[in-house]
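Inspection log for the structure reproduced underneath, given as structure tokens.
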Amino acid sequence: MALKIVKGSIDRMFDKNLQDLVRGIRNHKEDEAKYISTCIDEIKQELKQDNIAVKANAVCKLTYLQMLGYDVSWAAFNIVEVMSSSKFTYKRIGYLAASQCFHESTDVIMLTTNQIRKDLSSPNQYDTGVALTGLSCFVTPDLARDLANDIMTLMSHTKPYIRKKAVLIMYKVFLKYPESLRPAFPRLKEKLEDPDPGVQSAAVNVICELARRNPKNYLSLAPLFFKLMTSSTNNWVLIKIIKLFGALTPLEPRLGKKLIEPLTNLIHRALDLLYGMVSKKNLMEIVKKLMLHVDKAEGTTYRDELLTKIIDICSQSNYQYITNFEWYISILVELTRLEGTRHGHLIASQMLDVAIRVKAIRIFAVAQMATLLDNAHLLTGNMQRNGICEVLYAAAWICGEFSEHLENPMQTLEAMLRPKVATLPGHIQAVYVQNAAKLFSTVLKSQEGSTEGTAAQETSQLMIDRLPLFVQSANLEVQERASCILQLVKYIQKLQQKEVEVAEEVSALFAGELNPVAPKAQKKVPVPEGLDLDAWINEPPSESESEDEQPKAIFAKEEPKHSRSRHTEVDEKELARRREARKQEQANNPFYIKASPSSQKVYQESPGVEHIPVVQIDLTVPLKVPGLPMSDQYLKLEEERRQKERADKKKKEKKKRKEKRSGRGRRHDSGPESEEDITPAHMVDIVTEEMPEEYHLNIEPQKSLIFERSQK
Amino acid sequence: MIRAILIFNNHGKPRLSKFYEHYTEDTEQQIIRETFHLVSKRDENVCNFLEGGMLIGGSDYKLIYRHYATLYFVFCVDSSESELGILDLIQVFVETLDKCFENVCELDLIFHVDKVHNILAEMVMGGMVLETNMNEIIMQVDAQNKMEKSEAGIAGAPARAVSAVKNMNLPEMPRNINIGDISIKVPNLPSFK
């Protein structure tokens, strides 16, 4: 007997374990099948032994063979035997084998019920754990029915390790035995607020899976999940909950609205990541993907966010990542097709920026912009501020400024003067009008060169026909520009009728390039010697203009009489002389449009400002005009003073002055073009007069900034 | 839900196969072959997600894979799982294996597939993600290993000794051991196969 045991033990020592089996198979590459069948015979022998360790070893080997594709279902009973071992090690081997090869038609499965139940109530949590894990793979309707209660109890086990597994397996139990769902559901809901995060995750997992199958039953849980979503930091939980909401939202539109905010935050975080991820290579891909999203996200603020993001990543670091600007322009044009955006100005500014800075792209850009203008009727649907119609602003300017690249300038000119343009917002119309003038100049140039003499005159006639609509605009800027240009064109037409070649001189109106100015450019300009910027340039201003817009009541103090009389003296003495000199100049200057009778009348009324009683103010005391910052106010005053001087000096103007504007006391040149027109003697532009000639060009753009500012 | 987890090498030999849906052994082998074909012909720098093959569920299921040295780790999942999440899970799985096996390589998976199953059981249960925190997983795995060791105890000694002997590479042993003036002739033992 003892010998038998010894012999048995020695035999057992030569049993192959898993590693031996694997090694053996690797060493028998040629006759693998034969070798394996030998091994299977050995395994069958081992399974006949009483020794549970031996059986476990055999089952372990069988599991490996199953992975290689061998059917091991004949050993099912043995597997159950090993599962019922009291030792955790063997039990684990048994359950693993079961999970790999047991299924619903395995007859011995019924035999496992009691064993599983025993294991589920074992004091050793790992016994329970291993049983739950195994069961999750081979649970049948019968097993589910029999064990549901035991598993439900385990959901409230003291150890979170067990609770987690119990919660998770409930889903499989529900699948096989749906009746178990109703009694288990309250406890499952409880688990959503379990203190252990693993258990909570498991509960979320299960409910999300259930809800995907049957969304409407779980709609009532939405508030709870919302709370979880906003409080959880576990990404897995978040993902599951968001997917769940994806299934629930079609049923409950209010939910969708409530979700916008947290989801937008998440999306923002994701989009922010994009910022750092972008490189030259992947920019176009990324933007393409984003454009797809933009298409899908129709009619939402999310779309606007995407738009901003796309432009942000494209334009960052001075367009560092863009390798093909034609592509970028076409992206921008595509973006113009978005309805209801509030970032039209952003697209517009991008178009302008790229067209100005990237010379090589101008031809392409101009072609695109011309198309946009032609199809402007598609964009004019949205008139809101910063709506997509803003791109027309950019389109018009680009076509005007770089009109030499236009394929068909005449067509574009006509597009810009269509009556429908008058429905656009004022600032856009103003740009249209101004750039129509630039285009007109280009068209004239090409037409005068050709043999067709009448074409040029027809163009002028076109302008004369179409501009009056804009002259009547309610927007002051449009009005002003239109009327200036109308007068100019009329004059040109007259010259054309006299067979004078005007194209050269008209294009001189728009000569020179407008380049972007760096913000610190002004600081870089060295102050020339002999210039003291703090000294009074002219006589200290009198206060005669101030009453133009401020009611007398505000100013209480009175200036000493002598300064006033000095100013008045200057007026009376100089006025006639200056007027004469000016008249002479204007008669010789072909570009001076003689004022029409109506404007003459208006004009004559306005210079009578001397009649208006003037209140002296002590300008050493800062003026506090509500709504304007201090420095602006000084600037305003200075400008008004200059205006007054100009009004006194100039009788005849190219620009009309309207009654209603005199109240504001402001008069503007319609832009840099007018500056170039006016010969220096007439420019009471004190800044340029004082600065050395060579800085003239620098100052001009700078000057217009000041004008821009005070326009607002 | 995860339908299957497969690990195979660059030649398509399975190193671990876990199916959470029942298939016959033949079908399982076919699925492994099909998945290998789908995954192995992909370039290194293309997306890690692709549609499942016909056998595994077609376009309703996705294959999410990662290629580490000589091994492909493939998870076949349905639309309830996040692709990036599963990709992360694969990474956690591999890192856990690395911790448990110390610089894990294919050989470890070849000879200790049962241990790999035990580790996987702490991460995915019944096709659903159980735990994603590596420390938690390792803690449980270690605890169970301890149990195993304590159960083996003294009784396991002979078996371990035999294993040790079997693992010796006998042909490499010196024929003669010379220590000082003592010479020992080592007998020519047949190698244990």
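Residue names in the structure tokens use chain letters A, B, ... in the order shown, residue numbers from 1 in each chain, and ligand numbers from 1 in the order shown.
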Write out as JSON lines a residue-level contact list of chain B versus chain A with cut-off 8 Å: for each qualifying residue the closest pair of atoms and the distance in Å to one decimal, counting only C-alpha atoms, rows sorted by chain and residue number upward.
{"residue": "B:Pro14", "atom": "CA", "partner": "A:Leu68", "partner_atom": "CA", "distance": 7.3}
{"residue": "B:Leu16", "atom": "CA", "partner": "A:Met67", "partner_atom": "CA", "distance": 7.1}
{"residue": "B:Ser17", "atom": "CA", "partner": "A:Met67", "partner_atom": "CA", "distance": 6.3}
{"residue": "B:Lys18", "atom": "CA", "partner": "A:Gln100", "partner_atom": "CA", "distance": 7.2}
{"residue": "B:Phe19", "atom": "CA", "partner": "A:Gln100", "partner_atom": "CA", "distance": 7.5}
{"residue": "B:Tyr20", "atom": "CA", "partner": "A:Cys137", "partner_atom": "CA", "distance": 6.2}
{"residue": "B:Glu21", "atom": "CA", "partner": "A:Cys137", "partner_atom": "CA", "distance": 7.8}
{"residue": "B:His22", "atom": "CA", "partner": "A:His103", "partner_atom": "CA", "distance": 6.5}
{"residue": "B:Glu25", "atom": "CA", "partner": "A:Gly69", "partner_atom": "CA", "distance": 5.1}
{"residue": "B:Asp26", "atom": "CA", "partner": "A:Gly69", "partner_atom": "CA", "distance": 6.3}
{"residue": "B:Glu28", "atom": "CA", "partner": "A:Gly69", "partner_atom": "CA", "distance": 7.4}
{"residue": "B:Gln29", "atom": "CA", "partner": "A:Gly69", "partner_atom": "CA", "distance": 6.1}
{"residue": "B:Ser80", "atom": "CA", "partner": "A:Lys243", "partner_atom": "CA", "distance": 7.2}
{"residue": "B:Glu81", "atom": "CA", "partner": "A:Lys240", "partner_atom": "CA", "distance": 7.7}
{"residue": "B:Ser82", "atom": "CA", "partner": "A:Ile239", "partner_atom": "CA", "distance": 7.0}
{"residue": "B:Gly85", "atom": "CA", "partner": "A:Trp236", "partner_atom": "CA", "distance": 7.0}
{"residue": "B:Ile110", "atom": "CA", "partner": "A:Val22", "partner_atom": "CA", "distance": 7.4}
{"residue": "B:Phe111", "atom": "CA", "partner": "A:Gln19", "partner_atom": "CA", "distance": 5.4}
{"residue": "B:His112", "atom": "CA", "partner": "A:Gln19", "partner_atom": "CA", "distance": 7.2}
{"residue": "B:Val113", "atom": "CA", "partner": "A:Tyr64", "partner_atom": "CA", "distance": 7.7}
{"residue": "B:Asp114", "atom": "CA", "partner": "A:Cys60", "partner_atom": "CA", "distance": 7.7}
{"residue": "B:His117", "atom": "CA", "partner": "A:Leu96", "partner_atom": "CA", "distance": 8.0}
{"residue": "B:Ala121", "atom": "CA", "partner": "A:Thr133", "partner_atom": "CA", "distance": 6.8}
{"residue": "B:Met125", "atom": "CA", "partner": "A:Thr133", "partner_atom": "CA", "distance": 5.9}
{"residue": "B:Gly126", "atom": "CA", "partner": "A:Ser136", "partner_atom": "CA", "distance": 4.7}
{"residue": "B:Met128", "atom": "CA", "partner": "A:Leu168", "partner_atom": "CA", "distance": 7.5}
{"residue": "B:Val129", "atom": "CA", "partner": "A:Ala202", "partner_atom": "CA", "distance": 8.0}
{"residue": "B:Leu130", "atom": "CA", "partner": "A:Ala202", "partner_atom": "CA", "distance": 6.7}
{"residue": "B:Glu131", "atom": "CA", "partner": "A:Gly198", "partner_atom": "CA", "distance": 6.8}
{"residue": "B:Gln144", "atom": "CA", "partner": "A:Tyr126", "partner_atom": "CA", "distance": 7.1}
{"residue": "B:Met147", "atom": "CA", "partner": "A:Phe88", "partner_atom": "CA", "distance": 7.4}
{"residue": "B:Glu148", "atom": "CA", "partner": "A:Thr89", "partner_atom": "CA", "distance": 5.4}
{"residue": "B:Glu151", "atom": "CA", "partner": "A:Lys87", "partner_atom": "CA", "distance": 7.1}
{"residue": "B:Pro158", "atom": "CA", "partner": "A:Met13", "partner_atom": "CA", "distance": 7.7}
{"residue": "B:Ala159", "atom": "CA", "partner": "A:Met13", "partner_atom": "CA", "distance": 6.3}
{"residue": "B:Val162", "atom": "CA", "partner": "A:Met13", "partner_atom": "CA", "distance": 6.5}
{"residue": "B:Lys193", "atom": "CA", "partner": "A:Gly24", "partner_atom": "CA", "distance": 7.1}
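Between CA of Val358 (chain A) and CA of Leu307 (chain A) there is a distance of 21.9 Å.
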Open item on the list: Need to verify the contact set: Leu6 (chain B), 12 Å, only C-alpha atoms, exclusion of same-chain residues closer than 3 positions in sequence. Can you return it as number ranges by chain?
Closed with: A: 67; B: 2-3, 9, 12-20, 28-29, 31-36, 39, 56, 63-67, 71-77, 90, 116-117, 120
- [ ] Tell me which protein, DNA and RNA residues are within 12 Å of Val287 (chain A), counting only C-alpha atoms, leaving out same-chain ones fewer than 4 positions away, and put them as a ChimeraX atom specification.
- [x] /A:271,274-275,277-283,291-294,306-314,321-322,327-328,330-332,334-335
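Here the question is which of B:Gln30, B:Gln91, B:Asn178, B:Ser40 gets nearest to Asn10 (chain B) using only C-alpha atoms, and that residue is B:Ser40.
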- [ ] Pull the helix (DSSP H, G or I) assignments for region 2-192 of chain B out of DSSP run on the backbone, and list those residues as a ChimeraX atom specification.
- [x] /B:25-40,58-60,83-101,106-111,113-121,134-152,156-167,170-172
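Using only C-alpha atoms, the residues found no farther than 9 Å from Ile25 (chain A), other than those of its own chain fewer than 5 positions away, are Asp20, Asp31, Glu32, Ala33, Tyr35 and Ile36 of chain A.
Nearest residue to Leu251 (chain A), choosing from A:Ala430, A:Cys39, A:Ala222, A:Met229 and counting only C-alpha atoms: A:Ala222.
Taking only C-alpha atoms into account, Asn51 (chain A) lies nearest to A:Val82 out of the set A:Ala75, A:Ile151, A:Ala203, A:Val82.
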- [ ] Write down as an MDAnalysis selection string the residues belonging to region 7-92 of chain B that are assigned strand (DSSP E) by DSSP computed on the backbone.
- [x] chainID B and resid 7:9 14:19 49:51 62:68 71:77
- [ ] Could you please determine the separation between CA of Lys62 (chain B) and CA of Ser79 (chain B) in Å, to one decimal place?
- [x] 7.7 Å
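Among the candidates B:Val94, B:Leu38, B:Val124, B:Ala4, the residue lying nearest to Tyr68 (chain B) is B:Val94 (atoms considered: only C-alpha atoms).
Taking CA of Phe402 (chain A) as the reference point, CA of Thr442 (chain A) is found at 9.6 Å.
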- [ ] Excluding Leu372 (chain A) and any residue of its chain fewer than 2 positions from it, enumerate the residues within 10 Å of it, using only C-alpha atoms, and give them as a ChimeraX atom specification.
- [x] /A:333,336,366-370,374-379,391-392,395-396,412,415
Open item on the list: Using only C-alpha atoms for the distances, tell me which of A:Gly426, A:Pro516, A:Pro409, A:Pro541 is nearest to Val354 (chain A).
Closed with: A:Pro516
